[in-house]
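Asker: Below is one structure. I have some questions about it.
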Amino acid sequence: MPKQTFILNGKPVTVDVHDDVRVLWVLRDLLGVTGPKYGCGINVCKACTSHINGKAFNPCSVRVGDLKKSDQVTTIEGLPRESPGPGLHPMQQAWLDHDVAQCGYCQPGQIMAAVALVRKVRREGRKIRDNDLDGIRNICRCGTYTRIREAIEQGARQMK
Ligand code: FES
Ligand code: FES
C-alpha cells in the first residue's frame with residue numbers, strides 16, 4: 001500500500017493507505033483524531049471542517065493521495081497551538097463563554113469554520129460582518145445558530 005505523509009497538528013505523520021481514501025477516514029480511523037465529525041461524507045454538512053494550510057477544508061471530500069508532504073492539516077485538537085499562550089484558542093473560549101454547544105456534534109466544525117472565516121476577512125483587510133456570518137454553511141441540527149454568531153463575534157475580537 002502507498003505511504004501517505006503530511007503534517008497533522010504540527011507533526012509529520014505517515015500512514016499506509018490507498019490514495020483514494022478520504023482524509024476524514026485517515027484522521028478518524030487510522031490516526032485516532034476524532035474531532036472532525038462524520039455527518040454526510042459528501043461535503044454538504046461541514047461537520048468535518050478542519051484547516052489545510054490555514055484555510056477551511058472538508059476532509060470527507062479530499063483524497064489522501066492528493067495531500068502533499070508539506071501540507072499542514074489542523075483539526076480542532078491542534079487549534080490551541082495556533083494561538084499564543086497556554087490554554088484554549090480564543091474562539092474555543094468564546095464558545096464556552098456563550099455556552100454554544102447543545103449536543104455538540106457539529107461544534108468542532110463550526111469553530112474551525114469560524115477561525116478560518118476570521119482569518120479570511122483579515123486577509124481582506126476588514127472586520128467580520130453579518131453577511132460573512134450568513135455565509136457559513138455548517139449545519140447545526142440543534143439550532144444553535146444565534147449563539148454561534150455571538151461567539152464568533154467575541155472570538156474575532158480576541159484573536160491575535
Ligand atoms: S462529513 Fe464532511 S461535509 Fe459532511
Ligand atoms: S449542537 Fe447539536 S448539531 Fe449542533
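Scheme for the C-alpha cells: letters A, B, ... for chains in order shown; per-chain residue numbers from 1; ligand numbers from 1 in order shown.
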Quick one: residues within 6 Å of segment 68-72 of chain A, only C-alpha atoms counted, chain neighbours fewer than 2 positions away excluded, as number ranges by chain?

Answerer: A: 5-7, 52-53

Asker: Write out as a JSON list (two decimals) with N, CA, C and O atoms, in the first residue's frame which residues come within 12 Å of Arg119 of chain A when counting only C-alpha atoms, dropping same-chain ones fewer than 6 positions away.

Answerer:
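What ended up in result.json:
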```
[["chain", "number", "residue", "atom", "x", "y", "z"],
["A", 51, "HIS", "N", -8.70, 22.54, 8.87],
["A", 51, "HIS", "CA", -7.92, 23.50, 8.07],
["A", 51, "HIS", "C", -6.84, 22.78, 7.29],
["A", 51, "HIS", "O", -6.23, 21.83, 7.80],
["A", 53, "ASN", "N", -3.41, 24.18, 5.47],
["A", 53, "ASN", "CA", -2.58, 25.37, 5.27],
["A", 53, "ASN", "C", -3.32, 26.64, 5.70],
["A", 53, "ASN", "O", -3.27, 27.67, 5.03],
["A", 54, "GLY", "N", -4.04, 26.52, 6.81],
["A", 54, "GLY", "CA", -4.69, 27.66, 7.43],
["A", 54, "GLY", "C", -6.07, 28.01, 6.89],
["A", 54, "GLY", "O", -6.72, 28.91, 7.42],
["A", 55, "LYS", "N", -6.52, 27.30, 5.86],
["A", 55, "LYS", "CA", -7.84, 27.61, 5.29],
["A", 55, "LYS", "C", -8.79, 26.43, 5.53],
["A", 55, "LYS", "O", -8.35, 25.27, 5.62],
["A", 56, "ALA", "N", -10.08, 26.75, 5.59],
["A", 56, "ALA", "CA", -11.06, 25.69, 5.86],
["A", 56, "ALA", "C", -11.11, 24.69, 4.71],
["A", 56, "ALA", "O", -11.00, 25.07, 3.54],
["A", 91, "MET", "N", -11.24, 31.42, 20.06],
["A", 91, "MET", "CA", -12.56, 31.05, 19.52],
["A", 91, "MET", "C", -13.17, 29.91, 20.34],
["A", 91, "MET", "O", -14.39, 29.88, 20.56],
["A", 112, "MET", "N", -13.89, 25.55, 13.70],
["A", 112, "MET", "CA", -12.86, 25.60, 12.67],
["A", 112, "MET", "C", -13.28, 26.51, 11.52],
["A", 112, "MET", "O", -12.48, 27.26, 10.96],
["A", 113, "ALA", "N", -14.57, 26.46, 11.18],
["A", 113, "ALA", "CA", -15.08, 27.35, 10.12],
["A", 113, "ALA", "C", -14.98, 28.81, 10.57],
["A", 113, "ALA", "O", -14.61, 29.69, 9.79],
["A", 125, "GLY", "N", -8.40, 42.60, 4.82],
["A", 125, "GLY", "CA", -8.19, 43.90, 5.44],
["A", 125, "GLY", "C", -9.43, 44.49, 6.07],
["A", 125, "GLY", "O", -9.59, 45.71, 6.12],
["A", 126, "ARG", "N", -10.32, 43.64, 6.57],
["A", 126, "ARG", "CA", -11.55, 44.18, 7.16],
["A", 126, "ARG", "C", -11.99, 43.33, 8.35],
["A", 126, "ARG", "O", -11.37, 42.32, 8.66],
["A", 127, "LYS", "N", -13.08, 43.79, 8.98],
["A", 127, "LYS", "CA", -13.64, 43.07, 10.13],
["A", 127, "LYS", "C", -14.82, 42.23, 9.67],
["A", 127, "LYS", "O", -15.40, 42.48, 8.60],
["A", 128, "ILE", "N", -15.19, 41.31, 10.54],
["A", 128, "ILE", "CA", -16.28, 40.40, 10.18],
["A", 128, "ILE", "C", -17.62, 41.15, 10.18],
["A", 128, "ILE", "O", -17.85, 42.01, 11.02],
["A", 132, "ASP", "N", -20.90, 37.99, 6.33],
["A", 132, "ASP", "CA", -19.90, 36.92, 6.41],
["A", 132, "ASP", "C", -20.47, 35.77, 7.23],
["A", 132, "ASP", "O", -20.31, 34.60, 6.88],
["A", 152, "ILE", "N", -18.73, 33.89, 17.60],
["A", 152, "ILE", "CA", -17.75, 34.26, 16.56],
["A", 152, "ILE", "C", -17.36, 35.73, 16.72],
["A", 152, "ILE", "O", -16.19, 36.10, 16.58],
["A", 155, "GLY", "N", -14.95, 35.83, 19.59],
["A", 155, "GLY", "CA", -13.69, 35.19, 19.21],
["A", 155, "GLY", "C", -12.89, 36.05, 18.25],
["A", 155, "GLY", "O", -11.67, 36.16, 18.36],
["A", 156, "ALA", "N", -13.58, 36.69, 17.31],
["A", 156, "ALA", "CA", -12.91, 37.55, 16.34],
["A", 156, "ALA", "C", -12.24, 38.73, 17.04],
["A", 156, "ALA", "O", -11.12, 39.12, 16.70],
["A", 157, "ARG", "N", -12.92, 39.28, 18.04],
["A", 157, "ARG", "CA", -12.33, 40.41, 18.77],
["A", 157, "ARG", "C", -11.06, 39.98, 19.51],
["A", 157, "ARG", "O", -10.14, 40.76, 19.69],
["A", 159, "MET", "N", -9.06, 37.22, 18.86],
["A", 159, "MET", "CA", -7.99, 36.54, 18.09],
["A", 159, "MET", "C", -6.86, 37.51, 17.79],
["A", 159, "MET", "O", -7.11, 38.63, 17.36],
["A", 160, "LYS", "N", -5.62, 37.08, 18.03],
["A", 160, "LYS", "CA", -4.45, 37.92, 17.74],
["A", 160, "LYS", "C", -4.14, 37.86, 16.26],
["A", 160, "LYS", "O", -4.31, 36.85, 15.62]]
```

Asker: Find the residues near ligand 1. Use a cut-off of 12 Å, count only C-alpha atoms and all ligand atoms, and write them as a ChimeraX atom specification.

Answerer: /A:22-25,28,35-50,56-62,105-106,108-110,113,137-140

Asker: Using only C-alpha atoms and all ligand atoms, which residues of the polymer chains come no farther than 6 Å from ligand 2? I'd like the answer as a list in words.

Answerer: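 For ligand 2, the residues inside 6 Å are Ala101, Gln102, Cys103, Gly104, Tyr105, Cys106, Gln107, Cys140, Arg141 and Cys142 of chain A.
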
Asker: What would the file look like if the residues just selected were written as a PDB file, in the first residue's frame with N, CA, C and O atoms?

Answerer:
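Result file follows (again35.pdb):
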```pdb
ATOM      1  N   ALA A 101     -22.679  25.035  22.671  1.00  0.00           N
ATOM      2  CA  ALA A 101     -22.997  23.667  22.255  1.00  0.00           C
ATOM      3  C   ALA A 101     -24.287  23.152  22.878  1.00  0.00           C
ATOM      4  O   ALA A 101     -24.587  23.425  24.035  1.00  0.00           O
ATOM      5  N   GLN A 102     -25.034  22.399  22.092  1.00  0.00           N
ATOM      6  CA  GLN A 102     -26.151  21.635  22.648  1.00  0.00           C
ATOM      7  C   GLN A 102     -25.718  20.177  22.630  1.00  0.00           C
ATOM      8  O   GLN A 102     -25.035  19.727  23.534  1.00  0.00           O
ATOM      9  N   CYS A 103     -25.991  19.406  21.565  1.00  0.00           N
ATOM     10  CA  CYS A 103     -25.453  18.035  21.546  1.00  0.00           C
ATOM     11  C   CYS A 103     -23.944  18.061  21.321  1.00  0.00           C
ATOM     12  O   CYS A 103     -23.240  17.152  21.725  1.00  0.00           O
ATOM     13  N   GLY A 104     -23.465  19.101  20.623  1.00  0.00           N
ATOM     14  CA  GLY A 104     -22.034  19.287  20.427  1.00  0.00           C
ATOM     15  C   GLY A 104     -21.472  18.707  19.135  1.00  0.00           C
ATOM     16  O   GLY A 104     -20.335  18.999  18.777  1.00  0.00           O
ATOM     17  N   TYR A 105     -22.271  17.889  18.441  1.00  0.00           N
ATOM     18  CA  TYR A 105     -21.709  17.139  17.313  1.00  0.00           C
ATOM     19  C   TYR A 105     -21.127  18.036  16.228  1.00  0.00           C
ATOM     20  O   TYR A 105     -20.052  17.749  15.698  1.00  0.00           O
ATOM     21  N   CYS A 106     -21.813  19.118  15.921  1.00  0.00           N
ATOM     22  CA  CYS A 106     -21.359  19.971  14.816  1.00  0.00           C
ATOM     23  C   CYS A 106     -20.291  20.962  15.247  1.00  0.00           C
ATOM     24  O   CYS A 106     -19.727  21.659  14.409  1.00  0.00           O
ATOM     25  N   GLN A 107     -20.051  21.080  16.554  1.00  0.00           N
ATOM     26  CA  GLN A 107     -19.323  22.240  17.052  1.00  0.00           C
ATOM     27  C   GLN A 107     -17.839  22.305  16.690  1.00  0.00           C
ATOM     28  O   GLN A 107     -17.336  23.404  16.428  1.00  0.00           O
ATOM     29  N   CYS A 140     -26.233  22.922  11.911  1.00  0.00           N
ATOM     30  CA  CYS A 140     -26.418  22.544  13.317  1.00  0.00           C
ATOM     31  C   CYS A 140     -27.854  22.080  13.482  1.00  0.00           C
ATOM     32  O   CYS A 140     -28.781  22.883  13.418  1.00  0.00           O
ATOM     33  N   ARG A 141     -28.014  20.781  13.706  1.00  0.00           N
ATOM     34  CA  ARG A 141     -29.382  20.252  13.829  1.00  0.00           C
ATOM     35  C   ARG A 141     -30.028  20.661  15.142  1.00  0.00           C
ATOM     36  O   ARG A 141     -31.226  20.534  15.317  1.00  0.00           O
ATOM     37  N   CYS A 142     -29.230  21.127  16.099  1.00  0.00           N
ATOM     38  CA  CYS A 142     -29.799  21.606  17.365  1.00  0.00           C
ATOM     39  C   CYS A 142     -30.179  23.079  17.286  1.00  0.00           C
ATOM     40  O   CYS A 142     -30.744  23.615  18.236  1.00  0.00           O
TER      41      CYS A 142
END
```

Asker: Could you find all residues in chain A that DSSP calls alpha helix (DSSP H) from the backbone, and write them as number ranges by chain?

Answerer: A: 23-25, 90-97, 107-123, 130-134, 145-158

Asker: Could you state the separation of atom CA of Asp97 of chain A and atom CA of Leu27 of chain A in Å, given to one decimal place?

Answerer: 28.6 Å

Asker: So how many Å separate atom CA of Trp95 of chain A and atom CA of Arg123 of chain A, to one decimal?

Answerer: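 Between atom CA of Trp95 of chain A and atom CA of Arg123 of chain A the gap is 23.2 Å.
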
Asker: Just give me the gap between atom CA of Lys11 of chain A and atom CA of Gln93 of chain A in Å, one decimal is fine.

Answerer: 24.2 Å
